[in-house]
$ cat work_12.csv   # CSV, C-alpha atoms
chain,number,residue,atom,x,y,z
A,1,MET,CA,0.0,0.0,0.0
A,2,ASN,CA,1.1,3.6,-0.7
A,3,SER,CA,1.1,6.4,1.8
A,4,ARG,CA,-2.4,7.6,1.0
A,5,GLN,CA,-3.8,4.1,1.4
A,6,PHE,CA,-2.1,3.7,4.8
A,7,LEU,CA,-3.6,7.1,5.8
A,8,ILE,CA,-7.1,6.0,4.8
A,9,ARG,CA,-6.7,2.7,6.6
A,10,ASP,CA,-5.5,4.4,9.8
A,11,LEU,CA,-8.3,6.9,9.7
A,12,LEU,CA,-10.9,4.1,9.1
A,13,VAL,CA,-9.6,2.1,12.0
A,14,LEU,CA,-9.6,5.2,14.3
A,15,PHE,CA,-13.2,6.0,13.2
A,16,GLY,CA,-14.3,2.4,13.9
A,17,LEU,CA,-12.7,2.3,17.3
A,18,THR,CA,-14.1,5.7,18.2
A,19,GLY,CA,-17.6,4.6,17.3
A,20,TRP,CA,-17.4,1.5,19.4
A,21,ALA,CA,-16.0,3.5,22.4
A,22,LEU,CA,-18.9,6.0,22.0
A,23,ALA,CA,-21.5,3.3,22.2
A,24,LEU,CA,-19.9,1.5,25.2
A,25,PRO,CA,-21.5,3.6,28.0
A,26,GLY,CA,-24.9,2.8,26.6
A,27,PHE,CA,-24.8,-0.9,27.2
A,28,ALA,CA,-21.8,-1.7,29.4
A,29,SER,CA,-21.7,-2.0,33.2
A,30,GLU,CA,-20.1,0.6,35.5
A,31,PHE,CA,-17.1,-1.7,35.9
A,32,ALA,CA,-16.6,-2.0,32.1
A,33,VAL,CA,-16.9,1.8,31.6
A,34,SER,CA,-14.4,2.4,34.4
A,35,MET,CA,-12.0,0.0,32.7
A,36,ALA,CA,-12.5,1.7,29.4
A,37,LEU,CA,-11.9,5.1,31.0
A,38,THR,CA,-8.5,3.8,32.4
A,39,CYS,CA,-7.7,2.4,29.0
A,40,LEU,CA,-8.5,5.6,27.2
A,41,MET,CA,-6.4,7.5,29.7
A,42,TYR,CA,-3.3,5.4,28.9
A,43,VAL,CA,-4.1,5.5,25.2
A,44,ALA,CA,-3.8,9.3,25.3
A,45,LEU,CA,-0.7,9.3,27.6
A,46,SER,CA,1.2,6.5,25.8
A,47,SER,CA,0.4,7.7,22.3
A,48,SER,CA,1.5,11.2,23.0
A,49,TRP,CA,4.6,9.9,24.8
A,50,GLY,CA,5.5,7.7,21.9
A,51,LEU,CA,5.0,10.5,19.4
A,52,PHE,CA,8.0,12.3,20.9
A,53,CYS,CA,10.0,9.7,22.8
A,54,GLY,CA,9.5,6.9,20.3
A,55,SER,CA,10.6,9.1,17.4
A,56,THR,CA,13.6,10.8,19.1
A,57,ARG,CA,14.5,8.0,21.4
A,58,TYR,CA,14.5,10.3,24.4
A,59,LEU,CA,13.3,8.4,27.5
A,60,SER,CA,11.2,10.9,29.4
A,61,LEU,CA,10.0,10.1,32.9
A,62,ALA,CA,8.1,13.4,33.4
A,63,THR,CA,4.6,12.2,32.4
A,64,SER,CA,3.4,12.1,36.0
A,65,ALA,CA,4.6,15.7,36.6
A,66,PHE,CA,2.5,17.0,33.7
A,67,PHE,CA,-0.4,14.8,34.7
A,68,GLY,CA,-0.3,16.1,38.3
A,69,ILE,CA,0.0,19.7,37.1
A,70,GLY,CA,-3.2,19.3,35.0
A,71,ALA,CA,-5.0,17.5,37.9
A,72,TYR,CA,-4.2,20.3,40.4
A,73,THR,CA,-5.1,23.0,37.9
A,74,SER,CA,-8.5,21.3,37.4
A,75,ALA,CA,-9.1,21.0,41.1
A,76,LEU,CA,-8.3,24.7,41.6
A,77,ALA,CA,-10.1,26.1,38.6
A,78,LEU,CA,-13.4,24.1,38.4
A,79,GLU,CA,-15.1,26.3,40.9
A,80,SER,CA,-14.6,29.4,38.8
A,81,LEU,CA,-14.1,28.1,35.2
A,82,SER,CA,-16.1,25.8,33.0
A,83,TRP,CA,-15.1,22.2,32.4
A,84,LEU,CA,-13.5,22.7,29.0
A,85,GLU,CA,-11.7,25.9,30.2
A,86,SER,CA,-10.2,23.9,33.1
A,87,ILE,CA,-9.0,21.2,30.8
A,88,ALA,CA,-7.4,23.8,28.5
A,89,LEU,CA,-5.8,25.6,31.4
A,90,GLY,CA,-4.3,22.3,32.7
A,91,ALA,CA,-2.9,21.5,29.3
A,92,GLY,CA,-1.5,25.1,28.9
A,93,LEU,CA,0.2,25.1,32.3
A,94,ALA,CA,1.7,21.6,31.6
A,95,THR,CA,2.9,22.9,28.3
A,96,ALA,CA,4.5,25.9,29.8
A,97,VAL,CA,6.4,23.8,32.4
A,98,ALA,CA,7.5,21.4,29.6
A,99,VAL,CA,8.9,24.3,27.6
A,100,VAL,CA,11.0,25.5,30.5
A,101,MET,CA,12.0,22.0,31.5
A,102,GLY,CA,12.8,21.1,27.9
A,103,ALA,CA,15.0,24.1,27.4
A,104,ALA,CA,16.9,23.1,30.5
A,105,VAL,CA,17.4,19.4,30.0
A,106,LEU,CA,16.8,18.4,26.3
A,107,HIS,CA,20.5,18.9,25.5
A,108,LEU,CA,21.1,15.7,27.5
A,109,ARG,CA,20.4,12.2,26.2
A,110,GLY,CA,20.1,8.6,27.4
A,111,THR,CA,20.3,7.9,31.1
A,112,TYR,CA,21.1,11.5,32.1
A,113,PHE,CA,17.9,12.8,30.5
A,114,ALA,CA,15.8,10.0,32.0
A,115,VAL,CA,17.2,10.6,35.5
A,116,LEU,CA,16.9,14.3,35.3
A,117,THR,CA,13.3,14.3,34.1
A,118,PHE,CA,12.4,12.0,37.0
A,119,GLY,CA,14.3,14.2,39.4
A,120,MET,CA,12.4,17.3,38.2
A,121,THR,CA,9.2,15.4,38.5
A,122,GLU,CA,10.0,14.7,42.2
A,123,LEU,CA,11.0,18.3,42.7
A,124,ILE,CA,7.6,19.5,41.4
A,125,ARG,CA,5.8,17.0,43.6
A,126,HIS,CA,7.7,18.0,46.7
A,127,ALA,CA,7.2,21.7,45.9
A,128,VAL,CA,3.4,21.3,45.6
A,129,THR,CA,3.4,19.3,48.8
A,130,TYR,CA,5.4,22.0,50.6
A,131,PHE,CA,3.0,24.7,49.2
A,132,GLU,CA,0.0,22.8,50.4
A,133,LYS,CA,1.2,22.2,53.9
A,134,LYS,CA,3.0,25.5,54.6
A,135,VAL,CA,1.0,28.0,52.6
A,136,THR,CA,-2.6,26.8,52.3
A,137,GLY,CA,-2.4,24.6,55.4
A,138,THR,CA,-4.1,21.6,53.6
A,139,VAL,CA,-3.0,18.1,52.8
A,140,GLY,CA,-5.0,17.8,49.6
A,141,ARG,CA,-7.9,19.1,47.6
A,142,VAL,CA,-11.6,18.1,47.8
A,143,LEU,CA,-13.3,18.6,44.4
A,144,THR,CA,-16.8,20.0,45.0
A,145,VAL,CA,-17.7,20.6,41.3
A,146,ILE,CA,-17.8,17.2,39.5
A,147,PRO,CA,-19.2,16.6,36.0
A,148,ASP,CA,-21.3,13.5,35.4
A,149,ARG,CA,-19.8,10.2,34.3
A,150,ASP,CA,-20.6,10.6,30.6
A,151,THR,CA,-19.0,14.0,30.4
A,152,ILE,CA,-15.7,12.7,31.9
A,153,TYR,CA,-15.8,9.7,29.7
A,154,LEU,CA,-16.4,11.6,26.5
A,155,THR,CA,-13.7,14.1,27.4
A,156,VAL,CA,-11.1,11.4,27.9
A,157,LEU,CA,-12.3,9.7,24.8
A,158,ALA,CA,-11.9,12.9,22.8
A,159,LEU,CA,-8.3,13.4,24.2
A,160,ALA,CA,-7.4,9.8,23.3
A,161,VAL,CA,-8.8,10.1,19.7
A,162,LEU,CA,-7.0,13.5,19.4
A,163,ALA,CA,-3.7,12.0,20.6
A,164,VAL,CA,-3.9,9.2,17.9
A,165,LEU,CA,-5.0,11.7,15.2
A,166,VAL,CA,-2.2,14.0,16.0
A,167,SER,CA,0.2,11.0,15.8
A,168,ILE,CA,-1.2,10.2,12.4
A,169,ILE,CA,-0.8,13.7,11.1
A,170,VAL,CA,2.7,14.4,12.7
A,171,ARG,CA,4.2,11.1,11.4
A,172,ARG,CA,3.4,12.3,7.9
A,173,SER,CA,4.6,15.8,8.3
A,174,ARG,CA,8.0,17.5,8.0
A,175,PHE,CA,7.9,17.9,11.8
A,176,GLY,CA,7.6,14.2,12.2
A,177,LEU,CA,10.4,13.6,9.8
A,178,ALA,CA,12.6,16.0,11.9
A,179,LEU,CA,11.7,14.0,15.0
A,180,MET,CA,12.7,10.8,13.3
A,181,GLY,CA,15.9,12.3,12.1
A,182,ILE,CA,16.8,13.4,15.6
A,183,GLY,CA,16.2,9.8,16.8
A,184,ALA,CA,18.3,8.3,14.0
A,185,ASP,CA,21.3,10.8,14.1
A,186,GLU,CA,20.9,14.1,15.8
A,187,GLN,CA,24.2,15.6,14.6
A,188,ARG,CA,23.4,14.7,11.0
A,189,ALA,CA,20.0,16.2,11.4
A,190,GLN,CA,21.6,19.4,12.5
A,191,THR,CA,24.0,19.4,9.5
A,192,LEU,CA,20.9,19.1,7.3
A,193,GLY,CA,19.5,22.3,8.7
A,194,VAL,CA,17.0,21.0,11.3
A,195,ASN,CA,16.7,23.2,14.3
A,196,THR,CA,16.9,20.2,16.7
A,197,ARG,CA,16.6,22.3,19.9
A,198,LEU,CA,13.3,23.8,18.8
A,199,ILE,CA,11.9,20.6,17.4
A,200,LYS,CA,12.6,18.7,20.6
A,201,ILE,CA,11.0,21.4,22.8
A,202,MET,CA,7.9,21.4,20.5
A,203,GLY,CA,7.6,17.6,20.7
A,204,PHE,CA,8.1,17.6,24.4
A,205,ALA,CA,5.5,20.3,24.8
A,206,ILE,CA,3.0,18.2,22.8
A,207,THR,CA,3.5,15.3,25.1
A,208,ALA,CA,3.0,17.5,28.1
A,209,ALA,CA,-0.1,19.1,26.7
A,210,PHE,CA,-1.9,15.8,26.4
A,211,ALA,CA,-0.7,14.6,29.8
A,212,GLY,CA,-1.9,17.9,31.4
A,213,ALA,CA,-5.3,17.7,29.7
A,214,VAL,CA,-5.7,14.0,30.7
A,215,GLY,CA,-4.7,14.8,34.3
A,216,ALA,CA,-7.2,17.7,34.4
A,217,ALA,CA,-10.0,15.4,33.2
A,218,MET,CA,-9.1,12.4,35.4
A,219,ALA,CA,-8.7,14.5,38.6
A,220,VAL,CA,-12.5,14.6,39.1
A,221,ARG,CA,-12.6,10.8,39.1
A,222,TRP,CA,-11.0,10.7,42.5
A,223,THR,CA,-13.0,13.7,44.0
A,224,TYR,CA,-10.1,14.1,46.5
A,225,ILE,CA,-6.6,14.5,45.3
A,226,ASP,CA,-3.2,15.0,47.0
A,227,PRO,CA,0.4,15.3,45.6
A,228,HIS,CA,1.1,11.6,46.3
A,229,THR,CA,-2.0,10.6,44.2
A,230,VAL,CA,-1.7,12.7,41.1
A,231,PHE,CA,2.1,13.0,41.0
A,232,ASN,CA,2.4,9.2,41.4
A,233,PRO,CA,5.6,8.0,39.6
A,234,PHE,CA,3.7,4.8,38.7
A,235,ILE,CA,1.6,6.7,36.2
A,236,GLY,CA,4.7,7.8,34.4
A,237,PHE,CA,6.4,4.4,34.6
A,238,GLN,CA,3.3,2.6,33.4
A,239,THR,CA,2.9,5.0,30.5
A,240,VAL,CA,6.5,4.2,29.4
A,241,LEU,CA,6.0,0.5,29.8
A,242,ILE,CA,2.8,0.6,27.7
A,243,ALA,CA,4.5,2.5,25.0
A,244,LEU,CA,7.6,0.3,24.9
A,245,ILE,CA,5.8,-3.0,25.1
A,246,GLY,CA,3.2,-1.9,22.5
A,247,GLY,CA,5.9,-0.4,20.2
A,248,ALA,CA,6.8,3.2,20.9
A,249,MET,CA,7.7,3.9,17.3
A,250,THR,CA,4.4,2.6,16.0
A,251,LEU,CA,1.0,4.2,15.7
A,252,TRP,CA,-1.2,1.4,17.1
A,253,GLY,CA,1.2,-0.2,19.5
A,254,PRO,CA,0.5,2.0,22.5
A,255,LEU,CA,-3.3,1.6,21.9
A,256,ILE,CA,-3.0,-2.3,21.8
A,257,ALA,CA,-0.8,-2.3,24.9
A,258,ALA,CA,-3.1,0.1,26.8
A,259,ILE,CA,-6.0,-2.3,26.3
A,260,VAL,CA,-3.9,-5.3,27.5
A,261,PHE,CA,-2.6,-3.3,30.5
A,262,SER,CA,-6.0,-2.0,31.5
A,263,VAL,CA,-7.4,-5.5,31.5
A,264,LEU,CA,-4.5,-6.8,33.6
A,265,ALA,CA,-4.7,-3.8,36.0
A,266,GLU,CA,-8.4,-4.2,36.7
A,267,THR,CA,-8.3,-8.0,37.0
A,268,LEU,CA,-5.0,-8.4,38.9
A,269,ARG,CA,-3.9,-5.2,40.6
A,270,LEU,CA,-6.5,-5.2,43.4
A,271,GLN,CA,-6.7,-9.0,44.0
A,272,ALA,CA,-3.1,-9.9,43.3
A,273,PRO,CA,-0.8,-6.8,43.0
A,274,GLN,CA,2.4,-8.9,43.2
A,275,ILE,CA,1.3,-11.0,40.2
A,276,TYR,CA,0.3,-7.8,38.4
A,277,MET,CA,3.8,-6.3,38.8
A,278,MET,CA,5.4,-9.6,37.9
A,279,SER,CA,3.3,-9.6,34.7
A,280,LEU,CA,4.5,-6.1,33.8
A,281,GLY,CA,8.1,-7.1,34.3
A,282,LEU,CA,7.6,-10.4,32.3
A,283,LEU,CA,5.9,-8.6,29.4
A,284,LEU,CA,8.8,-6.1,29.3
A,285,ILE,CA,11.5,-8.7,29.4
A,286,LEU,CA,9.8,-10.8,26.7
A,287,SER,CA,9.2,-7.8,24.5
A,288,VAL,CA,12.8,-6.7,24.7
A,289,LEU,CA,14.2,-10.2,24.1
A,290,TYR,CA,11.8,-11.5,21.4
A,291,LEU,CA,9.7,-8.6,20.2
A,292,PRO,CA,11.8,-5.4,20.1
A,293,GLY,CA,9.3,-3.7,17.8
A,294,GLY,CA,6.5,-4.2,20.4
A,295,LEU,CA,3.2,-5.9,20.2
A,296,ALA,CA,2.3,-3.9,17.1
A,297,SER,CA,5.1,-5.8,15.2
A,298,LEU,CA,3.4,-9.2,15.7
A,299,ARG,CA,2.8,-10.9,12.4
A,300,TRP,CA,2.0,-14.6,11.5
A,301,SER,CA,5.6,-14.7,10.2
A,302,THR,CA,6.7,-13.8,13.7
A,303,PHE,CA,5.1,-16.9,15.2
A,304,GLY,CA,6.7,-18.9,12.4
A,305,GLY,CA,10.1,-17.5,13.2
A,306,TRP,CA,9.7,-18.3,16.8
A,307,TRP,CA,8.7,-21.9,16.0
A,308,ARG,CA,11.6,-22.4,13.6
A,309,GLY,CA,14.0,-20.8,16.2
A,310,SER,CA,12.7,-23.1,19.0
A,311,ARG,CA,13.1,-26.2,16.8
A,312,GLN,CA,16.6,-25.2,15.8
A,313,TRP,CA,17.4,-24.7,19.5
A,314,VAL,CA,16.1,-28.1,20.4
A,315,ARG,CA,18.1,-29.8,17.6
A,316,GLU,CA,21.3,-28.0,18.7
A,317,ALA,CA,20.7,-29.0,22.3
A,318,SER,CA,20.1,-32.6,21.3
A,319,ALA,CA,23.2,-32.6,19.2
A,320,ARG,CA,25.3,-31.3,22.1
A,321,GLU,CA,23.9,-33.9,24.4
A,322,ARG,CA,24.7,-36.7,22.0
A,323,LYS,CA,28.2,-35.4,21.6
A,324,ASN,CA,28.8,-35.2,25.3
A,325,VAL,CA,27.5,-38.8,25.7

$ encode --input "work_12.csv" --output "structure tokens"
Amino acid sequence: MNSRQFLIRDLLVLFGLTGWALALPGFASEFAVSMALTCLMYVALSSSWGLFCGSTRYLSLATSAFFGIGAYTSALALESLSWLESIALGAGLATAVAVVMGAAVLHLRGTYFAVLTFGMTELIRHAVTYFEKKVTGTVGRVLTVIPDRDTIYLTVLALAVLAVLVSIIVRRSRFGLALMGIGADEQRAQTLGVNTRLIKIMGFAITAAFAGAVGAAMAVRWTYIDPHTVFNPFIGFQTVLIALIGGAMTLWGPLIAAIVFSVLAETLRLQAPQIYMMSLGLLLILSVLYLPGGLASLRWSTFGGWWRGSRQWVREASARERKNV
């Protein structure tokens, strides 16, 4: 298929999935809708994370910081602003923080960038905690203005669809090519005239905008928030795991992995949290060893290759055993 046919296929798949998700609250149980809401949250987070980090190969651990900023913005603004205005403000503040953070740390790569983004996330969390305790004299925030379930669901669904749609558009634009060029060879991209610093900050800001908007929308789901809840590093780590296991450089990989992880989370995390964490680790190990392209790279030929490889390994093991005897 050519590029236009791939675009049409991706848009049709997105349209079909969106229609199914729109119909879900009408016939599904509260538990199923709750699971779908978690799934949509991680679709938006991991798709936007993969858009920047998958293309540039920068490992950002700052997702929970932007998510928390959006959540606290929503908690503070909902009493005076409308629902959509609160979402937009949360996304805007997260974007502003990302621009400042990106300008400071995006010259680093690899482990240094990952550790520094995680450190800045913890810095923001402790700063908010200090402000709450010392200035406002509170431990957290009680949300008194809460939209109905369908409003929250449709908002998060819209953010998830927009995240995938932006990924489709960016991957076919010059901006997306610049991101891919940075991931392949940043110095070469610079010699070809790409303003790598500006491109990286813009990509980082897009990731932060979606994380902030999702945080603002999901904050009302808890009705009471504190820094430990919304700046939870686990949100950022799970976003990274979903993107990597699904295939951070692919379009549909994060969506596939988000569904798998949401089902695992709802079925195992409460009843057997240790098994849930073991499952995450096992999926990551298997993905790195046998499926480096993520779940989205699975093909029938992949299973055939695994079967041929396992048969070859058995034959070689048998030959060594006979030789030793």

$ atom_distance --input "work_12.csv" --atom1 "atom CA of A:Asn232" --atom2 "atom CA of A:Arg125"
8.8 Å

$ residues_around --input "work_12.csv" --residues "stretch 180-182 of chain A" --least-positions-apart "2" --cutoff "12 Å" --atoms "only C-alpha atoms" --output "number ranges by chain"
A: 50-58, 106-107, 109, 170-178, 184-200, 203, 249-250

$ write_last_selection --input "work_12.csv" --atoms "C-alpha atoms" --output "PDB file, keeping the file's coordinate frame"
ATOM      1  CA  GLY A  50       5.500   7.700  21.900  1.00  0.00           C
ATOM      2  CA  LEU A  51       5.000  10.500  19.400  1.00  0.00           C
ATOM      3  CA  PHE A  52       8.000  12.300  20.900  1.00  0.00           C
ATOM      4  CA  CYS A  53      10.000   9.700  22.800  1.00  0.00           C
ATOM      5  CA  GLY A  54       9.500   6.900  20.300  1.00  0.00           C
ATOM      6  CA  SER A  55      10.600   9.100  17.400  1.00  0.00           C
ATOM      7  CA  THR A  56      13.600  10.800  19.100  1.00  0.00           C
ATOM      8  CA  ARG A  57      14.500   8.000  21.400  1.00  0.00           C
ATOM      9  CA  TYR A  58      14.500  10.300  24.400  1.00  0.00           C
ATOM     10  CA  LEU A 106      16.800  18.400  26.300  1.00  0.00           C
ATOM     11  CA  HIS A 107      20.500  18.900  25.500  1.00  0.00           C
ATOM     12  CA  ARG A 109      20.400  12.200  26.200  1.00  0.00           C
ATOM     13  CA  VAL A 170       2.700  14.400  12.700  1.00  0.00           C
ATOM     14  CA  ARG A 171       4.200  11.100  11.400  1.00  0.00           C
ATOM     15  CA  ARG A 172       3.400  12.300   7.900  1.00  0.00           C
ATOM     16  CA  SER A 173       4.600  15.800   8.300  1.00  0.00           C
ATOM     17  CA  ARG A 174       8.000  17.500   8.000  1.00  0.00           C
ATOM     18  CA  PHE A 175       7.900  17.900  11.800  1.00  0.00           C
ATOM     19  CA  GLY A 176       7.600  14.200  12.200  1.00  0.00           C
ATOM     20  CA  LEU A 177      10.400  13.600   9.800  1.00  0.00           C
ATOM     21  CA  ALA A 178      12.600  16.000  11.900  1.00  0.00           C
ATOM     22  CA  ALA A 184      18.300   8.300  14.000  1.00  0.00           C
ATOM     23  CA  ASP A 185      21.300  10.800  14.100  1.00  0.00           C
ATOM     24  CA  GLU A 186      20.900  14.100  15.800  1.00  0.00           C
ATOM     25  CA  GLN A 187      24.200  15.600  14.600  1.00  0.00           C
ATOM     26  CA  ARG A 188      23.400  14.700  11.000  1.00  0.00           C
ATOM     27  CA  ALA A 189      20.000  16.200  11.400  1.00  0.00           C
ATOM     28  CA  GLN A 190      21.600  19.400  12.500  1.00  0.00           C
ATOM     29  CA  THR A 191      24.000  19.400   9.500  1.00  0.00           C
ATOM     30  CA  LEU A 192      20.900  19.100   7.300  1.00  0.00           C
ATOM     31  CA  GLY A 193      19.500  22.300   8.700  1.00  0.00           C
ATOM     32  CA  VAL A 194      17.000  21.000  11.300  1.00  0.00           C
ATOM     33  CA  ASN A 195      16.700  23.200  14.300  1.00  0.00           C
ATOM     34  CA  THR A 196      16.900  20.200  16.700  1.00  0.00           C
ATOM     35  CA  ARG A 197      16.600  22.300  19.900  1.00  0.00           C
ATOM     36  CA  LEU A 198      13.300  23.800  18.800  1.00  0.00           C
ATOM     37  CA  ILE A 199      11.900  20.600  17.400  1.00  0.00           C
ATOM     38  CA  LYS A 200      12.600  18.700  20.600  1.00  0.00           C
ATOM     39  CA  GLY A 203       7.600  17.600  20.700  1.00  0.00           C
ATOM     40  CA  MET A 249       7.700   3.900  17.300  1.00  0.00           C
ATOM     41  CA  THR A 250       4.400   2.600  16.000  1.00  0.00           C
TER      42      THR A 250
END

$ closest_residue --input "work_12.csv" --among "A:Phe234, A:Phe66, A:Trp83, A:Trp222" --to "A:Val99" --atoms "all atoms listed in the file"
A:Phe66

$ closest_residue --input "work_12.csv" --among "A:Gly92, A:Pro233, A:Gly16, A:Gly246" --to "A:Gly119" --atoms "all atoms listed in the file"
A:Pro233

$ closest_residue --input "work_12.csv" --among "A:Ala94, A:Ala158, A:Ile245, A:Ile225" --to "A:Ala208" --atoms "all atoms listed in the file"
A:Ala94

$ residues_around --input "work_12.csv" --residues "A:Ile69" --least-positions-apart "2" --cutoff "9 Å" --atoms "all atoms listed in the file" --output "number ranges by chain"
A: 64-67, 71-74, 90-91, 93-94, 97, 124, 211-212, 215-216, 230-231

$ residues_around --input "work_12.csv" --residues "A:Ala258" --least-positions-apart "3" --cutoff "8 Å" --atoms "all atoms listed in the file" --output "mmCIF file with C-alpha atoms, in the frame of the given file"
data_model
loop_
_atom_site.group_PDB
_atom_site.id
_atom_site.type_symbol
_atom_site.label_atom_id
_atom_site.label_comp_id
_atom_site.auth_asym_id
_atom_site.auth_seq_id
_atom_site.Cartn_x
_atom_site.Cartn_y
_atom_site.Cartn_z
ATOM 1 C CA CYS A 39 -7.700 2.400 29.000
ATOM 2 C CA LEU A 40 -8.500 5.600 27.200
ATOM 3 C CA TYR A 42 -3.300 5.400 28.900
ATOM 4 C CA VAL A 43 -4.100 5.500 25.200
ATOM 5 C CA SER A 46 1.200 6.500 25.800
ATOM 6 C CA ILE A 242 2.800 0.600 27.700
ATOM 7 C CA GLY A 246 3.200 -1.900 22.500
ATOM 8 C CA PRO A 254 0.500 2.000 22.500
ATOM 9 C CA LEU A 255 -3.300 1.600 21.900
ATOM 10 C CA PHE A 261 -2.600 -3.300 30.500
ATOM 11 C CA SER A 262 -6.000 -2.000 31.500
#

$ closest_residue --input "work_12.csv" --among "A:Ala114, A:Ile146, A:Ala163, A:Met101" --to "A:Ala44" --atoms "all atoms listed in the file"
A:Ala163

$ atom_distance --input "work_12.csv" --atom1 "atom CA of A:Leu157" --atom2 "atom CA of A:Ala21"
7.6 Å

$ atom_distance --input "work_12.csv" --atom1 "atom CA of A:Ala75" --atom2 "atom CA of A:Arg141"
6.9 Å

$ closest_residue --input "work_12.csv" --among "A:Val13, A:Leu264, A:His126, A:Leu59" --to "A:Leu244" --atoms "only C-alpha atoms"
A:Leu59

$ residues_around --input "work_12.csv" --residues "A:Leu143" --least-positions-apart "6" --cutoff "7 Å" --atoms "all atoms listed in the file" --output "VMD selection string"
chain A and resid 75 220 223 to 224

$ write_last_selection --input "work_12.csv" --atoms "C-alpha atoms" --output "short mmCIF file (atom, residue, chain, number, x, y, z; two decimals), in the coordinates of the input"
data_model
loop_
_atom_site.label_atom_id
_atom_site.label_comp_id
_atom_site.auth_asym_id
_atom_site.auth_seq_id
_atom_site.Cartn_x
_atom_site.Cartn_y
_atom_site.Cartn_z
CA ALA A 75 -9.10 21.00 41.10
CA VAL A 220 -12.50 14.60 39.10
CA THR A 223 -13.00 13.70 44.00
CA TYR A 224 -10.10 14.10 46.50
#

$ closest_atom_pairs --input "work_12.csv" --of "stretch 144-234 of chain A" --to "stretch 128-134 of chain A" --cutoff "10 Å" --atoms "only C-alpha atoms" --output "CSV"
residue,atom,partner,partner_atom,distance
A:Asp226,CA,A:Thr129,CA,8.1
A:Pro227,CA,A:Thr129,CA,5.9
A:His228,CA,A:Thr129,CA,8.4
A:Phe231,CA,A:Val128,CA,9.6

$ closest_residue --input "work_12.csv" --among "A:Leu37, A:Leu12, A:Val105, A:Ala23" --to "A:Val263" --atoms "only C-alpha atoms"
A:Leu37

$ decode --input "work_12.csv" --residues "stretch 14-25 of chain A" --atoms "C-alpha atoms" --output "CSV table (one decimal), in the first residue's frame"
chain,number,residue,atom,x,y,z
A,14,LEU,CA,-9.6,5.2,14.3
A,15,PHE,CA,-13.2,6.0,13.2
A,16,GLY,CA,-14.3,2.4,13.9
A,17,LEU,CA,-12.7,2.3,17.3
A,18,THR,CA,-14.1,5.7,18.2
A,19,GLY,CA,-17.6,4.6,17.3
A,20,TRP,CA,-17.4,1.5,19.4
A,21,ALA,CA,-16.0,3.5,22.4
A,22,LEU,CA,-18.9,6.0,22.0
A,23,ALA,CA,-21.5,3.3,22.2
A,24,LEU,CA,-19.9,1.5,25.2
A,25,PRO,CA,-21.5,3.6,28.0
